[in-house]
Amino acid sequence: MTTLRDLMPVTAARIDRMRKQLGVDVVNTMIRNAMEGQPGQFFAMENHRTFGTPETTVTTVICWDELDRCYRRDPQWMIDATEFANSIGIEIEVVDEQDHEEARERAKQLRKILREARHA
């Protein structure tokens with residue numbers, strides 16, 4: 001039987017590290033939800049294969065640094081939207097980059113700013 005580890009070894013290794021860093025139950029729930037089609041829980045691409053369910057309105061991205069430690073960062077659309085908001089005089093403050101709930105609130109705020117700017 002072919003496993004994820006056979007098809008996507010880097011993804012499988014990262015999932016193992018995420019389980020150690022974030023907790024087995026947390027990561028297994030994310031993956032289970034993604035496999036059931038719930039967007040925004042887990043998505044990986046490797047060797048021309050995908051695993052999980054992609055999100056089109058991502059508010060957080062899990063990354064790995066050069067020491068292969070897992071961390072959270074804002075997706076590019078939020079970075080661009082923050083720069084835009086700041087350029088028109090709306091201060092967007094990032095208090096804790098690792099706080100998922102704060103990122104969700106900032107994403108809501110940024111979406112509102114972008115909608116209002118589009119209709120101005």
# chains A, B, ... in the order shown; residues from 1 in each chain; ligands from 1
$ select_by_dssp --residues "chain A" --states "strand (DSSP E)" --output "number ranges by chain"
A: 43-46, 49-52, 61-64, 70-73
$ write_last_selection --atoms "all heavy atoms" --output "short mmCIF file (atom, residue, chain, number, x, y, z; two decimals), in the first residue's frame"
data_model
loop_
_atom_site.label_atom_id
_atom_site.label_comp_id
_atom_site.auth_asym_id
_atom_site.auth_seq_id
_atom_site.Cartn_x
_atom_site.Cartn_y
_atom_site.Cartn_z
N PHE A 43 -3.21 22.18 3.68
CA PHE A 43 -3.03 21.97 2.25
C PHE A 43 -1.54 21.96 1.96
O PHE A 43 -0.81 22.83 2.42
CB PHE A 43 -3.71 23.07 1.44
CG PHE A 43 -3.58 22.88 -0.04
CD1 PHE A 43 -4.30 21.88 -0.67
CD2 PHE A 43 -2.76 23.68 -0.79
CE1 PHE A 43 -4.19 21.69 -2.04
CE2 PHE A 43 -2.63 23.50 -2.15
CZ PHE A 43 -3.35 22.50 -2.79
N ALA A 44 -1.08 20.96 1.21
CA ALA A 44 0.33 20.86 0.84
C ALA A 44 0.44 20.44 -0.63
O ALA A 44 -0.44 19.75 -1.15
CB ALA A 44 1.04 19.84 1.72
N MET A 45 1.53 20.88 -1.27
CA MET A 45 1.85 20.46 -2.63
C MET A 45 3.28 19.95 -2.63
O MET A 45 4.17 20.61 -2.08
CB MET A 45 1.72 21.63 -3.60
CG MET A 45 0.32 22.13 -3.78
SD MET A 45 0.17 23.43 -5.02
CE MET A 45 1.08 24.75 -4.24
N GLU A 46 3.47 18.77 -3.24
CA GLU A 46 4.81 18.19 -3.33
C GLU A 46 4.80 17.15 -4.44
O GLU A 46 3.85 16.38 -4.57
CB GLU A 46 5.19 17.54 -2.00
CG GLU A 46 6.58 16.96 -1.99
CD GLU A 46 6.93 16.26 -0.68
OE1 GLU A 46 6.18 16.40 0.31
OE2 GLU A 46 7.95 15.57 -0.66
N ARG A 49 1.79 16.59 -6.55
CA ARG A 49 0.61 16.04 -5.87
C ARG A 49 0.13 17.05 -4.85
O ARG A 49 0.90 17.88 -4.36
CB ARG A 49 0.97 14.73 -5.17
CG ARG A 49 1.29 13.61 -6.12
CD ARG A 49 1.68 12.36 -5.35
NE ARG A 49 1.77 11.21 -6.21
CZ ARG A 49 2.84 10.91 -6.94
NH1 ARG A 49 3.91 11.67 -6.90
NH2 ARG A 49 2.84 9.84 -7.70
N THR A 50 -1.15 16.96 -4.52
CA THR A 50 -1.69 17.82 -3.47
C THR A 50 -2.31 16.96 -2.39
O THR A 50 -2.70 15.81 -2.63
CB THR A 50 -2.77 18.78 -4.02
OG1 THR A 50 -3.84 18.01 -4.56
CG2 THR A 50 -2.19 19.70 -5.07
N PHE A 51 -2.38 17.53 -1.20
CA PHE A 51 -2.95 16.84 -0.05
C PHE A 51 -3.70 17.87 0.78
O PHE A 51 -3.14 18.90 1.14
CB PHE A 51 -1.83 16.19 0.77
CG PHE A 51 -2.29 15.52 2.03
CD1 PHE A 51 -3.01 14.35 1.99
CD2 PHE A 51 -2.00 16.08 3.27
CE1 PHE A 51 -3.43 13.73 3.16
CE2 PHE A 51 -2.41 15.48 4.44
CZ PHE A 51 -3.14 14.29 4.38
N GLY A 52 -4.97 17.62 1.05
CA GLY A 52 -5.77 18.54 1.84
C GLY A 52 -6.69 19.36 0.96
O GLY A 52 -6.96 19.01 -0.18
N VAL A 61 -0.74 31.42 7.40
CA VAL A 61 0.06 30.46 6.66
C VAL A 61 1.07 29.88 7.64
O VAL A 61 1.71 30.60 8.40
CB VAL A 61 0.82 31.14 5.50
CG1 VAL A 61 1.74 30.15 4.81
CG2 VAL A 61 -0.15 31.75 4.51
N ILE A 62 1.19 28.55 7.66
CA ILE A 62 2.20 27.90 8.48
C ILE A 62 3.42 27.68 7.60
O ILE A 62 3.32 27.19 6.49
CB ILE A 62 1.69 26.54 9.03
CG1 ILE A 62 0.45 26.73 9.88
CG2 ILE A 62 2.78 25.83 9.80
CD1 ILE A 62 0.66 27.53 11.15
N CYS A 63 4.57 28.07 8.10
CA CYS A 63 5.82 27.99 7.34
C CYS A 63 6.88 27.27 8.16
O CYS A 63 6.69 27.01 9.34
CB CYS A 63 6.34 29.39 7.03
SG CYS A 63 5.20 30.39 6.10
N TRP A 64 7.98 27.01 7.52
CA TRP A 64 9.13 26.44 8.21
C TRP A 64 10.32 27.33 7.94
O TRP A 64 10.56 27.74 6.83
CB TRP A 64 9.40 25.02 7.72
CG TRP A 64 8.41 24.06 8.27
CD1 TRP A 64 8.54 23.30 9.39
CD2 TRP A 64 7.10 23.78 7.76
NE1 TRP A 64 7.39 22.57 9.61
CE2 TRP A 64 6.50 22.84 8.62
CE3 TRP A 64 6.36 24.23 6.66
CZ2 TRP A 64 5.22 22.34 8.42
CZ3 TRP A 64 5.10 23.74 6.46
CH2 TRP A 64 4.54 22.81 7.34
N CYS A 70 8.47 25.25 12.82
CA CYS A 70 7.16 25.66 12.34
C CYS A 70 6.78 27.01 12.94
O CYS A 70 6.99 27.25 14.12
CB CYS A 70 6.15 24.59 12.74
SG CYS A 70 4.49 24.89 12.21
N TYR A 71 6.26 27.92 12.11
CA TYR A 71 5.76 29.19 12.61
C TYR A 71 4.63 29.68 11.72
O TYR A 71 4.42 29.18 10.62
CB TYR A 71 6.87 30.24 12.72
CG TYR A 71 7.44 30.67 11.39
CD1 TYR A 71 6.98 31.83 10.78
CD2 TYR A 71 8.42 29.93 10.75
CE1 TYR A 71 7.49 32.23 9.55
CE2 TYR A 71 8.93 30.32 9.54
CZ TYR A 71 8.47 31.48 8.94
OH TYR A 71 8.97 31.85 7.74
N ARG A 72 3.89 30.69 12.20
CA ARG A 72 2.78 31.25 11.46
C ARG A 72 3.21 32.58 10.86
O ARG A 72 3.97 33.32 11.45
CB ARG A 72 1.61 31.51 12.42
CG ARG A 72 0.31 31.80 11.71
CD ARG A 72 -0.62 32.64 12.58
NE ARG A 72 -0.18 34.01 12.73
CZ ARG A 72 -0.24 34.95 11.78
NH1 ARG A 72 -0.73 34.69 10.60
NH2 ARG A 72 0.20 36.16 12.01
N ARG A 73 2.73 32.88 9.66
CA ARG A 73 2.96 34.20 9.08
C ARG A 73 1.72 34.61 8.31
O ARG A 73 0.89 33.77 7.96
CB ARG A 73 4.19 34.22 8.18
CG ARG A 73 3.98 33.51 6.85
CD ARG A 73 5.15 33.81 5.92
NE ARG A 73 5.08 33.05 4.71
CZ ARG A 73 4.39 33.42 3.64
NH1 ARG A 73 3.70 34.52 3.61
NH2 ARG A 73 4.37 32.66 2.56
#
$ residues_around --residues "Asn33 (chain A)" --least-positions-apart "3" --cutoff "12 Å" --atoms "only C-alpha atoms" --output "list in words"
Val26, Val27, Asn28, Thr29, Met30, Glu36, Gly37, Gln38, Pro39, Gly40, Gln41, Phe42, Phe43, Phe51, Gly52, Thr53 and Pro54 of chain A
$ write_last_selection --atoms "N, CA and C atoms" --output "PDB file, in the first residue's frame"
ATOM      1  N   VAL A  26      -4.269  18.410  17.741  1.00  0.00           N
ATOM      2  CA  VAL A  26      -4.500  19.618  16.945  1.00  0.00           C
ATOM      3  C   VAL A  26      -4.231  19.338  15.468  1.00  0.00           C
ATOM      4  N   VAL A  27      -3.084  18.746  15.182  1.00  0.00           N
ATOM      5  CA  VAL A  27      -2.697  18.496  13.794  1.00  0.00           C
ATOM      6  C   VAL A  27      -3.594  17.434  13.165  1.00  0.00           C
ATOM      7  N   ASN A  28      -3.896  16.375  13.883  1.00  0.00           N
ATOM      8  CA  ASN A  28      -4.770  15.338  13.325  1.00  0.00           C
ATOM      9  C   ASN A  28      -6.152  15.886  13.007  1.00  0.00           C
ATOM     10  N   THR A  29      -6.656  16.783  13.847  1.00  0.00           N
ATOM     11  CA  THR A  29      -7.961  17.399  13.582  1.00  0.00           C
ATOM     12  C   THR A  29      -7.889  18.261  12.333  1.00  0.00           C
ATOM     13  N   MET A  30      -6.815  19.049  12.192  1.00  0.00           N
ATOM     14  CA  MET A  30      -6.640  19.877  10.994  1.00  0.00           C
ATOM     15  C   MET A  30      -6.628  19.010   9.739  1.00  0.00           C
ATOM     16  N   GLU A  36     -11.794  15.976   4.730  1.00  0.00           N
ATOM     17  CA  GLU A  36     -13.243  16.013   4.554  1.00  0.00           C
ATOM     18  C   GLU A  36     -13.684  17.190   3.690  1.00  0.00           C
ATOM     19  N   GLY A  37     -12.707  17.951   3.178  1.00  0.00           N
ATOM     20  CA  GLY A  37     -13.017  19.045   2.266  1.00  0.00           C
ATOM     21  C   GLY A  37     -13.153  20.406   2.899  1.00  0.00           C
ATOM     22  N   GLN A  38     -12.836  20.545   4.179  1.00  0.00           N
ATOM     23  CA  GLN A  38     -12.944  21.823   4.853  1.00  0.00           C
ATOM     24  C   GLN A  38     -11.735  22.693   4.506  1.00  0.00           C
ATOM     25  N   PRO A  39     -11.963  23.834   3.861  1.00  0.00           N
ATOM     26  CA  PRO A  39     -10.840  24.680   3.471  1.00  0.00           C
ATOM     27  C   PRO A  39     -10.189  25.353   4.666  1.00  0.00           C
ATOM     28  N   GLY A  40      -8.918  25.692   4.498  1.00  0.00           N
ATOM     29  CA  GLY A  40      -8.211  26.462   5.514  1.00  0.00           C
ATOM     30  C   GLY A  40      -7.656  25.656   6.667  1.00  0.00           C
ATOM     31  N   GLN A  41      -7.735  24.349   6.609  1.00  0.00           N
ATOM     32  CA  GLN A  41      -7.221  23.519   7.688  1.00  0.00           C
ATOM     33  C   GLN A  41      -5.812  23.008   7.386  1.00  0.00           C
ATOM     34  N   PHE A  42      -5.639  22.429   6.202  1.00  0.00           N
ATOM     35  CA  PHE A  42      -4.320  21.919   5.817  1.00  0.00           C
ATOM     36  C   PHE A  42      -4.298  21.739   4.308  1.00  0.00           C
ATOM     37  N   PHE A  43      -3.206  22.176   3.677  1.00  0.00           N
ATOM     38  CA  PHE A  43      -3.032  21.975   2.248  1.00  0.00           C
ATOM     39  C   PHE A  43      -1.542  21.962   1.955  1.00  0.00           C
ATOM     40  N   PHE A  51      -2.380  17.534  -1.196  1.00  0.00           N
ATOM     41  CA  PHE A  51      -2.952  16.837  -0.048  1.00  0.00           C
ATOM     42  C   PHE A  51      -3.696  17.867   0.781  1.00  0.00           C
ATOM     43  N   GLY A  52      -4.968  17.619   1.051  1.00  0.00           N
ATOM     44  CA  GLY A  52      -5.769  18.541   1.838  1.00  0.00           C
ATOM     45  C   GLY A  52      -6.692  19.360   0.964  1.00  0.00           C
ATOM     46  N   THR A  53      -7.191  20.462   1.504  1.00  0.00           N
ATOM     47  CA  THR A  53      -8.133  21.326   0.798  1.00  0.00           C
ATOM     48  C   THR A  53      -7.610  22.756   0.820  1.00  0.00           C
ATOM     49  N   PRO A  54      -7.395  23.353  -0.359  1.00  0.00           N
ATOM     50  CA  PRO A  54      -6.867  24.721  -0.384  1.00  0.00           C
ATOM     51  C   PRO A  54      -7.902  25.728   0.097  1.00  0.00           C
TER      52      PRO A  54
END
$ residues_around --residues "Val94 (chain A)" --least-positions-apart "5" --cutoff "12 Å" --atoms "only C-alpha atoms" --output "MDAnalysis selection string"
chainID A and resid 73:74 78:79 82 99:107
$ write_last_selection --atoms "N, CA, C and O atoms" --output "short mmCIF file (atom, residue, chain, number, x, y, z; two decimals), in the first residue's frame"
data_model
loop_
_atom_site.label_atom_id
_atom_site.label_comp_id
_atom_site.auth_asym_id
_atom_site.auth_seq_id
_atom_site.Cartn_x
_atom_site.Cartn_y
_atom_site.Cartn_z
N ARG A 73 2.73 32.88 9.66
CA ARG A 73 2.96 34.20 9.08
C ARG A 73 1.72 34.61 8.31
O ARG A 73 0.89 33.77 7.96
N ASP A 74 1.60 35.89 8.04
CA ASP A 74 0.49 36.38 7.24
C ASP A 74 0.70 36.01 5.79
O ASP A 74 1.83 36.05 5.29
N MET A 78 -2.51 39.67 2.81
CA MET A 78 -2.64 40.49 4.03
C MET A 78 -1.48 41.47 4.15
O MET A 78 -1.67 42.60 4.60
N ILE A 79 -0.30 41.05 3.76
CA ILE A 79 0.86 41.94 3.79
C ILE A 79 0.63 43.11 2.83
O ILE A 79 0.83 44.27 3.19
N THR A 82 -2.15 45.41 4.15
CA THR A 82 -1.66 46.22 5.27
C THR A 82 -0.86 47.41 4.75
O THR A 82 -1.02 48.54 5.20
N ASP A 99 -0.23 34.80 16.83
CA ASP A 99 -1.59 34.68 17.33
C ASP A 99 -2.57 34.53 16.18
O ASP A 99 -2.85 35.48 15.44
N HIS A 100 -3.12 33.34 16.02
CA HIS A 100 -4.05 33.06 14.92
C HIS A 100 -5.32 33.90 15.03
O HIS A 100 -5.84 34.37 14.02
N GLU A 101 -5.83 34.09 16.23
CA GLU A 101 -7.07 34.86 16.40
C GLU A 101 -6.85 36.32 16.02
O GLU A 101 -7.70 36.93 15.38
N GLU A 102 -5.72 36.87 16.40
CA GLU A 102 -5.41 38.24 16.00
C GLU A 102 -5.34 38.34 14.48
O GLU A 102 -5.84 39.30 13.89
N ALA A 103 -4.74 37.36 13.83
CA ALA A 103 -4.65 37.36 12.37
C ALA A 103 -6.04 37.33 11.74
O ALA A 103 -6.31 38.02 10.75
N ARG A 104 -6.94 36.54 12.29
CA ARG A 104 -8.31 36.48 11.76
C ARG A 104 -9.00 37.84 11.88
O ARG A 104 -9.68 38.28 10.97
N GLU A 105 -8.81 38.50 13.02
CA GLU A 105 -9.42 39.82 13.23
C GLU A 105 -8.81 40.86 12.27
O GLU A 105 -9.53 41.68 11.70
N ARG A 106 -7.49 40.82 12.09
CA ARG A 106 -6.86 41.74 11.14
C ARG A 106 -7.34 41.46 9.72
O ARG A 106 -7.57 42.39 8.95
N ALA A 107 -7.52 40.18 9.38
CA ALA A 107 -8.01 39.83 8.04
C ALA A 107 -9.40 40.42 7.82
O ALA A 107 -9.68 40.96 6.75
#
$ atom_distance --atom1 "CA of Ala81 (chain A)" --atom2 "CA of Leu110 (chain A)"
6.3 Å
$ atom_distance --atom1 "CA of Met8 (chain A)" --atom2 "CA of Gln76 (chain A)"
25.0 Å
$ select_by_dssp --residues "chain A" --states "helix (DSSP H, G or I)" --output "compact mmCIF listing (two decimals) with N, CA and C atoms, in the first residue's frame"
# COMPACT_ATOMS: atom_id res chain seq x y z
N LEU A 4 1.25 8.36 2.23
CA LEU A 4 1.62 9.75 2.04
C LEU A 4 3.14 9.89 2.14
N ARG A 5 3.75 9.15 3.04
CA ARG A 5 5.20 9.21 3.22
C ARG A 5 5.93 8.77 1.95
N ASP A 6 5.34 7.82 1.19
CA ASP A 6 5.94 7.39 -0.07
C ASP A 6 5.80 8.45 -1.16
N LEU A 7 4.62 9.09 -1.22
CA LEU A 7 4.31 10.03 -2.29
C LEU A 7 4.80 11.45 -2.00
N PRO A 9 7.19 12.73 0.81
CA PRO A 9 8.02 12.54 2.00
C PRO A 9 8.31 13.82 2.79
N VAL A 10 8.49 14.94 2.11
CA VAL A 10 8.76 16.20 2.82
C VAL A 10 7.52 16.63 3.60
N THR A 11 6.35 16.52 2.98
CA THR A 11 5.09 16.86 3.66
C THR A 11 4.88 15.95 4.86
N ALA A 12 5.10 14.66 4.70
CA ALA A 12 4.92 13.72 5.81
C ALA A 12 5.86 14.05 6.97
N ALA A 13 7.10 14.40 6.65
CA ALA A 13 8.06 14.75 7.70
C ALA A 13 7.63 16.04 8.41
N ARG A 14 7.12 16.99 7.65
CA ARG A 14 6.66 18.24 8.27
C ARG A 14 5.44 18.01 9.14
N ILE A 15 4.55 17.13 8.71
CA ILE A 15 3.39 16.80 9.54
C ILE A 15 3.86 16.20 10.86
N ASP A 16 4.85 15.33 10.79
CA ASP A 16 5.41 14.75 12.02
C ASP A 16 5.93 15.84 12.95
N ARG A 17 6.67 16.82 12.39
CA ARG A 17 7.22 17.91 13.20
C ARG A 17 6.10 18.80 13.74
N MET A 18 5.08 19.05 12.94
CA MET A 18 3.94 19.85 13.41
C MET A 18 3.27 19.16 14.60
N ARG A 19 3.14 17.83 14.53
CA ARG A 19 2.54 17.09 15.64
C ARG A 19 3.34 17.28 16.92
N LYS A 20 4.67 17.30 16.79
CA LYS A 20 5.52 17.50 17.97
C LYS A 20 5.39 18.92 18.50
N GLN A 21 5.30 19.89 17.59
CA GLN A 21 5.30 21.29 18.00
C GLN A 21 3.91 21.80 18.41
N LEU A 22 2.87 21.38 17.71
CA LEU A 22 1.53 21.91 17.95
C LEU A 22 0.63 20.94 18.70
N VAL A 24 -0.43 16.44 18.74
CA VAL A 24 -0.97 15.41 17.85
C VAL A 24 -2.45 15.66 17.57
N ASP A 25 -3.23 15.92 18.61
CA ASP A 25 -4.67 16.10 18.42
C ASP A 25 -4.98 17.31 17.54
N VAL A 26 -4.27 18.41 17.74
CA VAL A 26 -4.50 19.62 16.94
C VAL A 26 -4.23 19.34 15.47
N VAL A 27 -3.08 18.75 15.18
CA VAL A 27 -2.70 18.50 13.79
C VAL A 27 -3.59 17.43 13.16
N ASN A 28 -3.90 16.37 13.88
CA ASN A 28 -4.77 15.34 13.33
C ASN A 28 -6.15 15.89 13.01
N THR A 29 -6.66 16.78 13.85
CA THR A 29 -7.96 17.40 13.58
C THR A 29 -7.89 18.26 12.33
N MET A 30 -6.82 19.05 12.19
CA MET A 30 -6.64 19.88 10.99
C MET A 30 -6.63 19.01 9.74
N ILE A 31 -5.87 17.93 9.77
CA ILE A 31 -5.75 17.06 8.60
C ILE A 31 -7.07 16.34 8.31
N ARG A 32 -7.72 15.86 9.35
CA ARG A 32 -9.01 15.18 9.17
C ARG A 32 -10.03 16.14 8.53
N ASN A 33 -10.09 17.37 9.03
CA ASN A 33 -11.00 18.36 8.46
C ASN A 33 -10.66 18.65 7.00
N ALA A 34 -9.37 18.76 6.70
CA ALA A 34 -8.94 19.01 5.32
C ALA A 34 -9.31 17.86 4.40
N MET A 35 -9.16 16.65 4.89
CA MET A 35 -9.50 15.48 4.07
C MET A 35 -11.01 15.38 3.82
N GLN A 76 0.48 36.64 1.67
CA GLN A 76 0.89 37.83 0.91
C GLN A 76 -0.24 38.83 0.75
N TRP A 77 -1.47 38.38 0.57
CA TRP A 77 -2.56 39.35 0.37
C TRP A 77 -2.73 40.24 1.61
N MET A 78 -2.51 39.67 2.81
CA MET A 78 -2.64 40.49 4.03
C MET A 78 -1.48 41.47 4.15
N ILE A 79 -0.30 41.05 3.76
CA ILE A 79 0.86 41.94 3.79
C ILE A 79 0.63 43.11 2.83
N ASP A 80 0.17 42.80 1.61
CA ASP A 80 -0.11 43.84 0.62
C ASP A 80 -1.24 44.77 1.08
N ALA A 81 -2.30 44.19 1.64
CA ALA A 81 -3.43 45.00 2.11
C ALA A 81 -3.01 45.90 3.27
N THR A 82 -2.15 45.41 4.15
CA THR A 82 -1.66 46.22 5.27
C THR A 82 -0.86 47.41 4.75
N GLU A 83 0.01 47.16 3.76
CA GLU A 83 0.79 48.25 3.16
C GLU A 83 -0.14 49.28 2.53
N PHE A 84 -1.18 48.80 1.83
CA PHE A 84 -2.15 49.71 1.22
C PHE A 84 -2.85 50.54 2.30
N ALA A 85 -3.35 49.89 3.34
CA ALA A 85 -4.05 50.60 4.42
C ALA A 85 -3.15 51.65 5.05
N ASN A 86 -1.92 51.27 5.33
CA ASN A 86 -0.97 52.22 5.92
C ASN A 86 -0.70 53.39 4.98
N SER A 87 -0.67 53.12 3.66
CA SER A 87 -0.39 54.18 2.69
C SER A 87 -1.52 55.21 2.60
N HIS A 100 -3.12 33.34 16.02
CA HIS A 100 -4.05 33.06 14.92
C HIS A 100 -5.32 33.90 15.03
N GLU A 101 -5.83 34.09 16.23
CA GLU A 101 -7.07 34.86 16.40
C GLU A 101 -6.85 36.32 16.02
N GLU A 102 -5.72 36.87 16.40
CA GLU A 102 -5.41 38.24 16.00
C GLU A 102 -5.34 38.34 14.48
N ALA A 103 -4.74 37.36 13.83
CA ALA A 103 -4.65 37.36 12.37
C ALA A 103 -6.04 37.33 11.74
N ARG A 104 -6.94 36.54 12.29
CA ARG A 104 -8.31 36.48 11.76
C ARG A 104 -9.00 37.84 11.88
N GLU A 105 -8.81 38.50 13.02
CA GLU A 105 -9.42 39.82 13.23
C GLU A 105 -8.81 40.86 12.27
N ARG A 106 -7.49 40.82 12.09
CA ARG A 106 -6.86 41.74 11.14
C ARG A 106 -7.34 41.46 9.72
N ALA A 107 -7.52 40.18 9.38
CA ALA A 107 -8.01 39.83 8.04
C ALA A 107 -9.40 40.42 7.82
N LYS A 108 -10.27 40.33 8.82
CA LYS A 108 -11.62 40.92 8.70
C LYS A 108 -11.51 42.42 8.49
N GLN A 109 -10.66 43.07 9.27
CA GLN A 109 -10.48 44.51 9.17
C GLN A 109 -9.93 44.88 7.78
N LEU A 110 -8.96 44.12 7.30
CA LEU A 110 -8.37 44.42 5.99
C LEU A 110 -9.37 44.19 4.86
N ARG A 111 -10.16 43.14 4.95
CA ARG A 111 -11.18 42.90 3.93
C ARG A 111 -12.17 44.06 3.87
N LYS A 112 -12.57 44.57 5.04
CA LYS A 112 -13.49 45.70 5.11
C LYS A 112 -12.86 46.93 4.45
N ILE A 113 -11.61 47.21 4.76
CA ILE A 113 -10.91 48.35 4.17
C ILE A 113 -10.85 48.21 2.65
N LEU A 114 -10.51 47.02 2.17
CA LEU A 114 -10.42 46.79 0.72
C LEU A 114 -11.78 46.95 0.04
N ARG A 115 -12.85 46.43 0.68
CA ARG A 115 -14.20 46.58 0.11
C ARG A 115 -14.57 48.06 0.01
N GLU A 116 -14.32 48.80 1.09
CA GLU A 116 -14.66 50.23 1.11
C GLU A 116 -13.85 51.00 0.07
N ALA A 117 -12.58 50.65 -0.09
CA ALA A 117 -11.74 51.33 -1.08
C ALA A 117 -12.21 51.02 -2.50
N ARG A 118 -12.69 49.81 -2.71
CA ARG A 118 -13.18 49.41 -4.03
C ARG A 118 -14.42 50.20 -4.42
